[in-house]
$ cat input37.cif   # mmCIF, C-alpha atoms
data_protein
#
loop_
_atom_site.label_atom_id
_atom_site.label_comp_id
_atom_site.auth_asym_id
_atom_site.auth_seq_id
_atom_site.Cartn_x
_atom_site.Cartn_y
_atom_site.Cartn_z
CA MET R 1 19.28 -5.90 5.28
CA THR R 2 16.14 -7.17 3.56
CA LEU R 3 12.79 -5.42 3.35
CA ILE R 4 11.30 -7.80 5.91
CA ASP R 5 13.95 -6.68 8.43
CA LEU R 6 12.34 -3.23 8.42
CA ALA R 7 9.37 -4.76 10.27
CA ASN R 8 11.67 -4.92 13.29
CA PRO R 9 11.63 -1.47 14.99
CA THR R 10 15.18 -1.90 16.33
CA LYS R 11 16.56 -2.69 12.86
CA PHE R 12 14.50 0.18 11.45
CA LEU R 13 16.08 2.56 13.99
CA SER R 14 19.52 1.31 13.00
CA LEU R 15 18.81 1.93 9.31
CA THR R 16 17.36 5.38 10.09
CA ALA R 17 20.44 6.38 12.08
CA ARG R 18 22.62 5.61 9.06
CA ALA R 19 20.33 7.06 6.37
CA LEU R 20 19.24 10.34 7.99
CA PRO R 21 22.51 12.31 7.65
CA TRP R 22 22.75 11.42 3.93
CA LEU R 23 19.09 12.22 3.30
CA ALA R 24 19.33 15.54 5.16
CA GLY R 25 22.44 16.48 3.16
CA ALA R 26 20.86 15.58 -0.19
CA THR R 27 17.69 17.50 0.76
CA ALA R 28 19.64 20.63 1.70
CA ILE R 29 21.69 20.55 -1.54
CA LEU R 30 18.63 20.02 -3.78
CA LEU R 31 16.59 22.74 -2.06
CA LEU R 32 19.49 25.19 -2.29
CA ILE R 33 19.80 24.48 -6.03
CA GLY R 34 16.02 24.75 -6.39
CA PHE R 35 15.81 28.11 -4.58
CA TYR R 36 18.71 29.44 -6.67
CA GLN R 37 17.05 28.32 -9.91
CA ALA R 38 13.72 29.79 -8.75
CA ALA R 39 15.41 33.12 -8.06
CA MET R 40 17.04 33.07 -11.52
CA ALA R 41 13.91 31.98 -13.42
CA PRO R 42 12.58 34.59 -15.87
CA ASP R 43 9.35 36.48 -15.26
CA ASP R 44 6.22 35.03 -16.81
CA TYR R 45 4.79 37.12 -19.64
CA GLN R 46 1.42 37.42 -17.86
CA GLN R 47 2.15 36.92 -14.15
CA GLY R 48 5.53 38.65 -14.00
CA ALA R 49 7.69 37.69 -11.00
CA THR R 50 4.61 36.43 -9.11
CA ALA R 51 5.09 33.14 -11.01
CA LYS R 52 7.97 32.46 -8.57
CA ILE R 53 5.35 31.57 -5.92
CA MET R 54 4.55 28.52 -8.09
CA PHE R 55 7.97 27.01 -7.21
CA VAL R 56 6.94 26.64 -3.57
CA HIS R 57 3.17 26.32 -4.01
CA VAL R 58 3.12 23.38 -6.46
CA PRO R 59 5.57 21.06 -4.57
CA ASN R 60 3.63 21.64 -1.33
CA ALA R 61 0.32 20.97 -3.09
CA TRP R 62 1.69 17.74 -4.59
CA LEU R 63 3.05 16.63 -1.22
CA ALA R 64 -0.24 17.45 0.54
CA MET R 65 -1.83 14.69 -1.58
CA PHE R 66 1.22 12.41 -1.72
CA VAL R 67 1.53 12.26 2.07
CA TRP R 68 -2.13 11.27 2.38
CA GLY R 69 -1.41 8.57 -0.22
CA VAL R 70 1.49 7.30 1.92
CA MET R 71 -0.79 7.33 4.97
CA SER R 72 -3.44 5.38 3.02
CA ILE R 73 -0.90 2.64 2.18
CA ALA R 74 0.14 2.63 5.85
CA ALA R 75 -3.55 2.36 6.81
CA LEU R 76 -3.82 -0.77 4.65
CA GLY R 77 -0.66 -2.01 6.37
CA THR R 78 -2.38 -1.56 9.74
CA LEU R 79 -5.76 -3.06 8.83
CA VAL R 80 -4.80 -5.80 6.35
CA TRP R 81 -1.17 -6.83 6.91
CA ARG R 82 -0.85 -5.70 10.56
CA HIS R 83 2.67 -4.49 9.85
CA PRO R 84 4.28 -3.36 13.14
CA LEU R 85 5.55 -0.09 11.67
CA ALA R 86 2.48 0.81 9.59
CA ASP R 87 0.69 2.84 12.26
CA VAL R 88 4.00 4.39 13.32
CA ALA R 89 4.45 5.57 9.71
CA ALA R 90 0.87 6.88 9.52
CA LYS R 91 1.02 8.76 12.81
CA ALA R 92 4.44 10.28 12.03
CA ALA R 93 3.32 11.48 8.58
CA THR R 94 0.15 13.26 9.76
CA PRO R 95 1.57 16.56 11.12
CA ILE R 96 4.07 16.74 8.24
CA GLY R 97 1.27 16.33 5.69
CA ALA R 98 -0.79 18.96 7.55
CA ALA R 99 2.13 21.40 7.33
CA PHE R 100 2.52 20.85 3.55
CA THR R 101 -1.23 21.30 3.04
CA PHE R 102 -1.21 24.50 5.11
CA LEU R 103 1.69 25.82 2.99
CA ALA R 104 -0.15 24.93 -0.25
CA LEU R 105 -3.21 26.88 0.97
CA VAL R 106 -1.24 29.92 2.20
CA THR R 107 1.06 30.23 -0.83
CA GLY R 108 -1.94 29.71 -3.15
CA SER R 109 -3.78 32.53 -1.39
CA LEU R 110 -0.74 34.80 -1.61
CA TRP R 111 -0.54 34.08 -5.34
CA GLY R 112 -4.31 34.51 -5.79
CA ARG R 113 -4.57 38.01 -4.29
CA PRO R 114 -2.45 39.79 -6.95
CA MET R 115 -3.46 37.44 -9.83
CA TRP R 116 -7.18 36.86 -9.21
CA GLY R 117 -7.89 39.84 -6.97
CA THR R 118 -8.89 37.59 -4.04
CA TYR R 119 -7.16 35.53 -1.37
CA TRP R 120 -9.87 32.90 -1.40
CA GLU R 121 -12.67 31.57 -3.58
CA TRP R 122 -14.92 28.65 -2.66
CA ASP R 123 -14.16 26.79 -5.88
CA ALA R 124 -13.85 22.99 -6.07
CA ARG R 125 -10.02 22.81 -5.96
CA MET R 126 -9.50 25.19 -3.06
CA THR R 127 -12.43 23.82 -1.06
CA SER R 128 -11.34 20.18 -1.52
CA VAL R 129 -7.78 21.05 -0.39
CA LEU R 130 -9.20 22.88 2.65
CA ILE R 131 -11.19 19.71 3.45
CA LEU R 132 -7.92 17.72 3.17
CA PHE R 133 -6.30 20.10 5.67
CA LEU R 134 -9.23 19.73 8.09
CA MET R 135 -8.97 15.94 7.77
CA TYR R 136 -5.27 16.09 8.66
CA LEU R 137 -6.19 18.11 11.77
CA SER R 138 -8.94 15.59 12.63
CA LEU R 139 -6.44 12.73 12.41
CA MET R 140 -3.97 14.58 14.65
CA ALA R 141 -6.78 15.10 17.19
CA LEU R 142 -7.75 11.42 16.96
CA TRP R 143 -4.16 10.23 17.60
CA ARG R 144 -4.05 12.49 20.70
CA ALA R 145 -7.50 11.54 21.96
CA VAL R 146 -6.92 7.76 22.24
CA ASP R 147 -4.27 6.61 24.73
CA ASP R 148 -3.76 3.07 23.41
CA PRO R 149 -1.70 3.35 20.17
CA SER R 150 -3.12 0.16 18.62
CA ARG R 151 -6.76 1.27 19.15
CA ALA R 152 -5.96 4.75 17.83
CA ALA R 153 -4.22 3.17 14.83
CA ARG R 154 -7.28 1.21 13.70
CA ALA R 155 -9.62 4.22 14.01
CA ALA R 156 -7.09 6.46 12.25
CA ALA R 157 -6.61 3.89 9.47
CA VAL R 158 -10.36 3.82 8.74
CA LEU R 159 -10.55 7.64 8.72
CA THR R 160 -7.48 7.81 6.46
CA LEU R 161 -8.99 5.41 3.90
CA VAL R 162 -12.27 7.36 3.91
CA GLY R 163 -10.29 10.57 3.42
CA ALA R 164 -8.44 9.03 0.46
CA LEU R 165 -11.67 9.42 -1.53
CA ASN R 166 -10.91 13.15 -1.51
CA LEU R 167 -7.63 12.68 -3.45
CA PRO R 168 -9.16 12.06 -6.92
CA ILE R 169 -11.66 14.86 -6.21
CA ILE R 170 -8.75 17.27 -5.60
CA LYS R 171 -6.82 16.07 -8.66
CA PHE R 172 -9.74 16.17 -11.12
CA SER R 173 -11.72 19.04 -9.56
CA VAL R 174 -10.31 21.44 -12.15
CA ASP R 175 -11.57 19.14 -14.96
CA TRP R 176 -14.94 18.17 -13.47
CA TRP R 177 -16.03 21.67 -12.42
CA ASN R 178 -15.57 25.19 -13.70
CA THR R 179 -12.98 26.48 -11.21
CA LEU R 180 -11.09 29.73 -10.75
CA HIS R 181 -8.01 27.55 -10.13
CA GLN R 182 -6.22 26.81 -13.39
CA PRO R 183 -6.11 23.24 -14.80
CA ALA R 184 -3.05 20.96 -14.47
CA ALA R 185 0.02 22.26 -16.29
CA VAL R 186 2.63 19.55 -15.53
CA LEU R 187 0.95 16.18 -14.95
CA ARG R 188 -1.60 16.06 -17.75
CA LEU R 189 -2.45 14.13 -20.90
CA GLY R 190 -0.53 15.52 -23.87
CA GLY R 191 2.51 16.51 -21.79
CA THR R 192 3.47 19.59 -19.84
CA SER R 193 2.48 23.07 -20.97
CA LEU R 194 5.32 24.66 -18.98
CA ASP R 195 8.45 26.05 -20.64
CA LYS R 196 11.77 24.46 -19.56
CA ALA R 197 12.78 27.71 -17.86
CA PHE R 198 9.98 27.10 -15.33
CA LEU R 199 9.70 23.32 -15.50
CA ILE R 200 13.29 22.49 -14.47
CA PRO R 201 13.35 24.64 -11.28
CA LEU R 202 9.87 23.35 -10.44
CA LEU R 203 10.96 19.71 -10.76
CA VAL R 204 14.14 20.33 -8.74
CA MET R 205 12.04 21.94 -5.99
CA ALA R 206 9.52 19.07 -6.17
CA VAL R 207 12.27 16.45 -5.72
CA GLY R 208 13.87 18.57 -2.97
CA PHE R 209 10.60 18.91 -1.03
CA SER R 210 9.89 15.17 -1.55
CA LEU R 211 13.29 14.33 -0.06
CA LEU R 212 12.50 16.75 2.78
CA PHE R 213 9.35 14.76 3.46
CA VAL R 214 11.25 11.43 3.44
CA THR R 215 13.85 12.85 5.84
CA LEU R 216 11.32 14.38 8.24
CA HIS R 217 9.12 11.30 8.06
CA LEU R 218 11.93 8.89 8.96
CA ALA R 219 13.02 11.18 11.81
CA ALA R 220 9.42 11.46 13.09
CA MET R 221 9.00 7.64 12.84
CA ARG R 222 12.17 7.21 14.90
CA ASN R 223 10.72 9.58 17.53
CA GLU R 224 7.43 7.66 17.60
CA ILE R 225 9.24 4.32 18.11
CA LEU R 226 11.18 5.86 21.01
CA ARG R 227 7.93 7.32 22.44
CA ARG R 228 6.40 3.81 22.43
CA ARG R 229 9.55 2.44 24.05
CA VAL R 230 9.15 5.09 26.79
CA ARG R 231 5.49 4.09 27.20
CA SER R 232 6.26 0.38 27.56
CA LEU R 233 9.09 1.06 30.07
CA GLN R 234 6.77 3.33 32.08
CA MET R 235 4.18 0.51 32.15
CA MET R 236 6.88 -1.95 33.29
CA GLN R 237 7.94 0.51 35.99
CA ALA R 238 4.35 0.94 37.16
CA SER R 239 3.79 -2.84 37.32
CA GLN R 240 7.08 -3.31 39.23
CA GLN R 241 6.04 -0.65 41.73
CA ALA R 242 2.59 -2.23 42.12
CA ALA R 243 4.05 -5.73 42.74
CA MET S 1 17.89 37.77 -10.76
CA SER S 2 14.86 39.63 -12.01
CA SER S 3 13.25 42.39 -9.96
CA LEU S 4 10.29 41.11 -7.99
CA GLY S 5 8.00 43.82 -9.37
CA PRO S 6 4.88 45.36 -7.80
CA HIS S 7 3.86 42.14 -6.00
CA ALA S 8 7.20 41.60 -4.24
CA SER S 9 5.59 41.52 -0.79
CA PHE S 10 3.41 38.52 -1.79
CA ILE S 11 6.42 36.63 -3.19
CA VAL S 12 8.67 37.35 -0.21
CA THR S 13 5.88 36.47 2.26
CA SER S 14 5.27 33.14 0.47
CA TYR S 15 8.92 32.10 0.71
CA ALA S 16 9.19 33.38 4.30
CA VAL S 17 6.13 31.38 5.41
CA VAL S 18 7.49 28.23 3.74
CA ALA S 19 10.90 28.71 5.40
CA ALA S 20 9.31 29.38 8.81
CA ILE S 21 7.05 26.32 8.72
CA VAL S 22 9.81 24.00 7.43
CA LEU S 23 12.23 25.25 10.11
CA ALA S 24 9.50 24.84 12.75
CA LEU S 25 8.93 21.23 11.62
CA ILE S 26 12.67 20.47 11.78
CA GLY S 27 12.91 22.15 15.21
CA TRP S 28 9.88 20.29 16.58
CA ILE S 29 11.17 16.89 15.40
CA THR S 30 14.65 17.59 16.81
CA VAL S 31 13.30 18.70 20.21
CA ASP S 32 10.94 15.70 20.32
CA TYR S 33 13.87 13.32 19.62
CA ARG S 34 15.93 14.83 22.46
CA ARG S 35 12.93 14.67 24.81
CA GLN S 36 12.30 10.96 24.12
CA LYS S 37 16.01 10.09 24.55
CA GLU S 38 16.05 12.02 27.84
CA ARG S 39 12.95 10.18 29.12
CA LEU S 40 14.56 6.83 28.20
CA ARG S 41 17.76 7.81 30.01
CA GLU S 42 15.75 8.74 33.13
CA LEU S 43 13.85 5.44 33.03
CA GLU S 44 17.08 3.47 32.67
CA ALA S 45 18.65 5.43 35.51
CA SER S 46 15.68 4.48 37.71
CA GLY S 47 16.47 0.79 37.09
CA VAL S 48 13.85 -0.12 34.48
CA THR S 49 15.32 -2.22 31.66
CA ARG S 50 13.99 -3.63 28.39
CA ARG S 51 13.02 -7.30 28.24
CA SER S 52 15.81 -7.85 25.68
CA GLY S 53 18.32 -6.47 28.17
CA ARG S 54 19.54 -3.95 25.60
CA GLN S 55 19.89 -0.27 26.44
CA ALA S 56 16.67 1.67 25.79
CA THR S 57 18.64 4.55 24.29
CA ASP S 58 20.58 2.25 21.93
CA ILE S 59 19.27 2.87 18.41
CA ARG S 60 22.20 1.48 16.41
#
$ encode --input "input37.cif" --output "structure tokens"
Amino acid sequence: MTLIDLANPTKFLSLTARALPWLAGATAILLLIGFYQAAMAPDDYQQGATAKIMFVHVPNAWLAMFVWGVMSIAALGTLVWRHPLADVAAKAATPIGAAFTFLALVTGSLWGRPMWGTYWEWDARMTSVLILFLMYLSLMALWRAVDDPSRAARAAAVLTLVGALNLPIIKFSVDWWNTLHQPAAVLRLGGTSLDKAFLIPLLVMAVGFSLLFVTLHLAAMRNEILRRRVRSLQMMQASQQAA
Amino acid sequence: MSSLGPHASFIVTSYAVVAAIVLALIGWITVDYRRQKERLRELEASGVTRRSGRQATDIR
């Protein structure tokens, strides 16, 4: 099967049926290893055991931005290349990205209360991630509001590309402004500032959550293709009944 | 495993919320898949077929 074959929804469904069990298995194994390593990680000398929240907060925060990046590429696929599966990919990713963003916000708040003394601060990082979450919800509302999938896809693609401007703001907010949120510790110039005892479980969790996204995304794309098949059969049924 | 210390409730709540949302996502996608397959089966049973002639529920 070549890459071009994936443009065919039926061939895509066939590939998904074969890949999903393997992806789900690999995701479960990696997340189990990650949770075990997180449980066994030592306490931080300043944060104590509260540092364990980082192992779920950081992967979700990364994925909140990564999923919007995937949706932005899909938006280009819809507007520029008119790939038949691009808007399916974008629509399927939206609620998953919203869930990861919600988890990043909630786990960040739960870490902030004991460490900063507050659940929330209107600093640049937290506010820009909240805006990202609201944009995910707006996209979900847009997909529901427009009946015709191809019309909804074009409007959603434009909104997604506009929203992509928020991604560099989120990433560099801690450098551009004086924020309560700490600066990058893993992906930064000069290398990571994390000790291996924290870095390895964090990376395992990040790969595990990324695989979780791939698995859920493929499954949600499969559902969306079937939903469109239902819609076209219902339209055929209605036209047969009218004739 | 180290003790979770004085902020154990924040740590446990974080992991519980993550587990709940991830399980809800998996559950929602699974239920949605079954619902779409069921609708396709009902449409096929009512005599509507795809232009290709293939079964609507065939995804392999």
$ resolve_selection --input "input37.cif" --expression "the PyMOL selection byres ((chain S and resi 29) around 8)" --output "number ranges by chain"
R: 216, 219-220, 223; S: 25-28, 30-33
$ closest_residue --input "input37.cif" --among "R:Thr127, R:Ser210, R:Gln47, R:Ser138" --to "R:Leu31" --atoms "only C-alpha atoms"
R:Ser210
$ closest_atom_pairs --input "input37.cif" --of "chain S" --to "chain R" --cutoff "8 Å" --atoms "all atoms listed in the file" --output "tab-separated table"
residue	atom	partner	partner_atom	distance
S:Met1	CA	R:Met40	CA	4.8
S:Ser2	CA	R:Pro42	CA	6.7
S:Ser3	CA	R:Ala49	CA	7.4
S:Leu4	CA	R:Ala49	CA	5.2
S:Gly5	CA	R:Ala49	CA	6.4
S:His7	CA	R:Thr50	CA	6.5
S:Ala8	CA	R:Thr50	CA	7.6
S:Phe10	CA	R:Leu110	CA	5.6
S:Ile11	CA	R:Ile53	CA	5.8
S:Thr13	CA	R:Leu110	CA	7.8
S:Ser14	CA	R:Thr107	CA	5.3
S:Tyr15	CA	R:Val56	CA	7.2
S:Val17	CA	R:Leu103	CA	7.5
S:Val18	CA	R:Leu103	CA	6.3
S:Ile21	CA	R:Ala99	CA	7.1
S:Leu25	CA	R:Ile96	CA	7.4
S:Ile26	CA	R:Leu216	CA	7.2
S:Ile29	CA	R:Ala220	CA	6.2
S:Asp32	CA	R:Asn223	CA	6.7
S:Tyr33	CA	R:Asn223	CA	5.3
S:Gln36	CA	R:Arg227	CA	5.9
S:Lys37	CA	R:Leu226	CA	7.3
S:Arg39	CA	R:Val230	CA	6.8
S:Leu40	CA	R:Val230	CA	5.9
S:Leu43	CA	R:Leu233	CA	7.1
S:Val48	CA	R:Gln237	CA	6.1
S:Thr49	CA	R:Leu233	CA	7.2
S:Arg50	CA	R:Leu233	CA	7.0
S:Ala56	CA	R:Arg229	CA	7.4
S:Ile59	CA	R:Leu13	CA	5.5
S:Arg60	CA	R:Ser14	CA	4.3
$ closest_residue --input "input37.cif" --among "R:Glu121, R:Ala98, R:Ala24, R:Ala7" --to "R:Thr179" --atoms "only C-alpha atoms"
R:Glu121
$ axis_aligned_box --input "input37.cif" --around "stretch 43-62 of chain R" --padding-each-side "3 Å" --output "lines of an AutoDock Vina configuration file"
center_x = 4.8
center_y = 28.2
center_z = -10.5
size_x = 15.0
size_y = 26.9
size_z = 24.3
$ atom_distance --input "input37.cif" --atom1 "atom CA of R:Leu165" --atom2 "atom CA of R:Val146"
24.3 Å
$ closest_residue --input "input37.cif" --among "R:Leu180, R:Leu167, R:Leu137, R:Ala185" --to "R:Asp123" --atoms "all atoms listed in the file"
R:Leu180
$ atom_distance --input "input37.cif" --atom1 "atom CA of R:Leu161" --atom2 "atom CA of R:Trp81"
14.8 Å
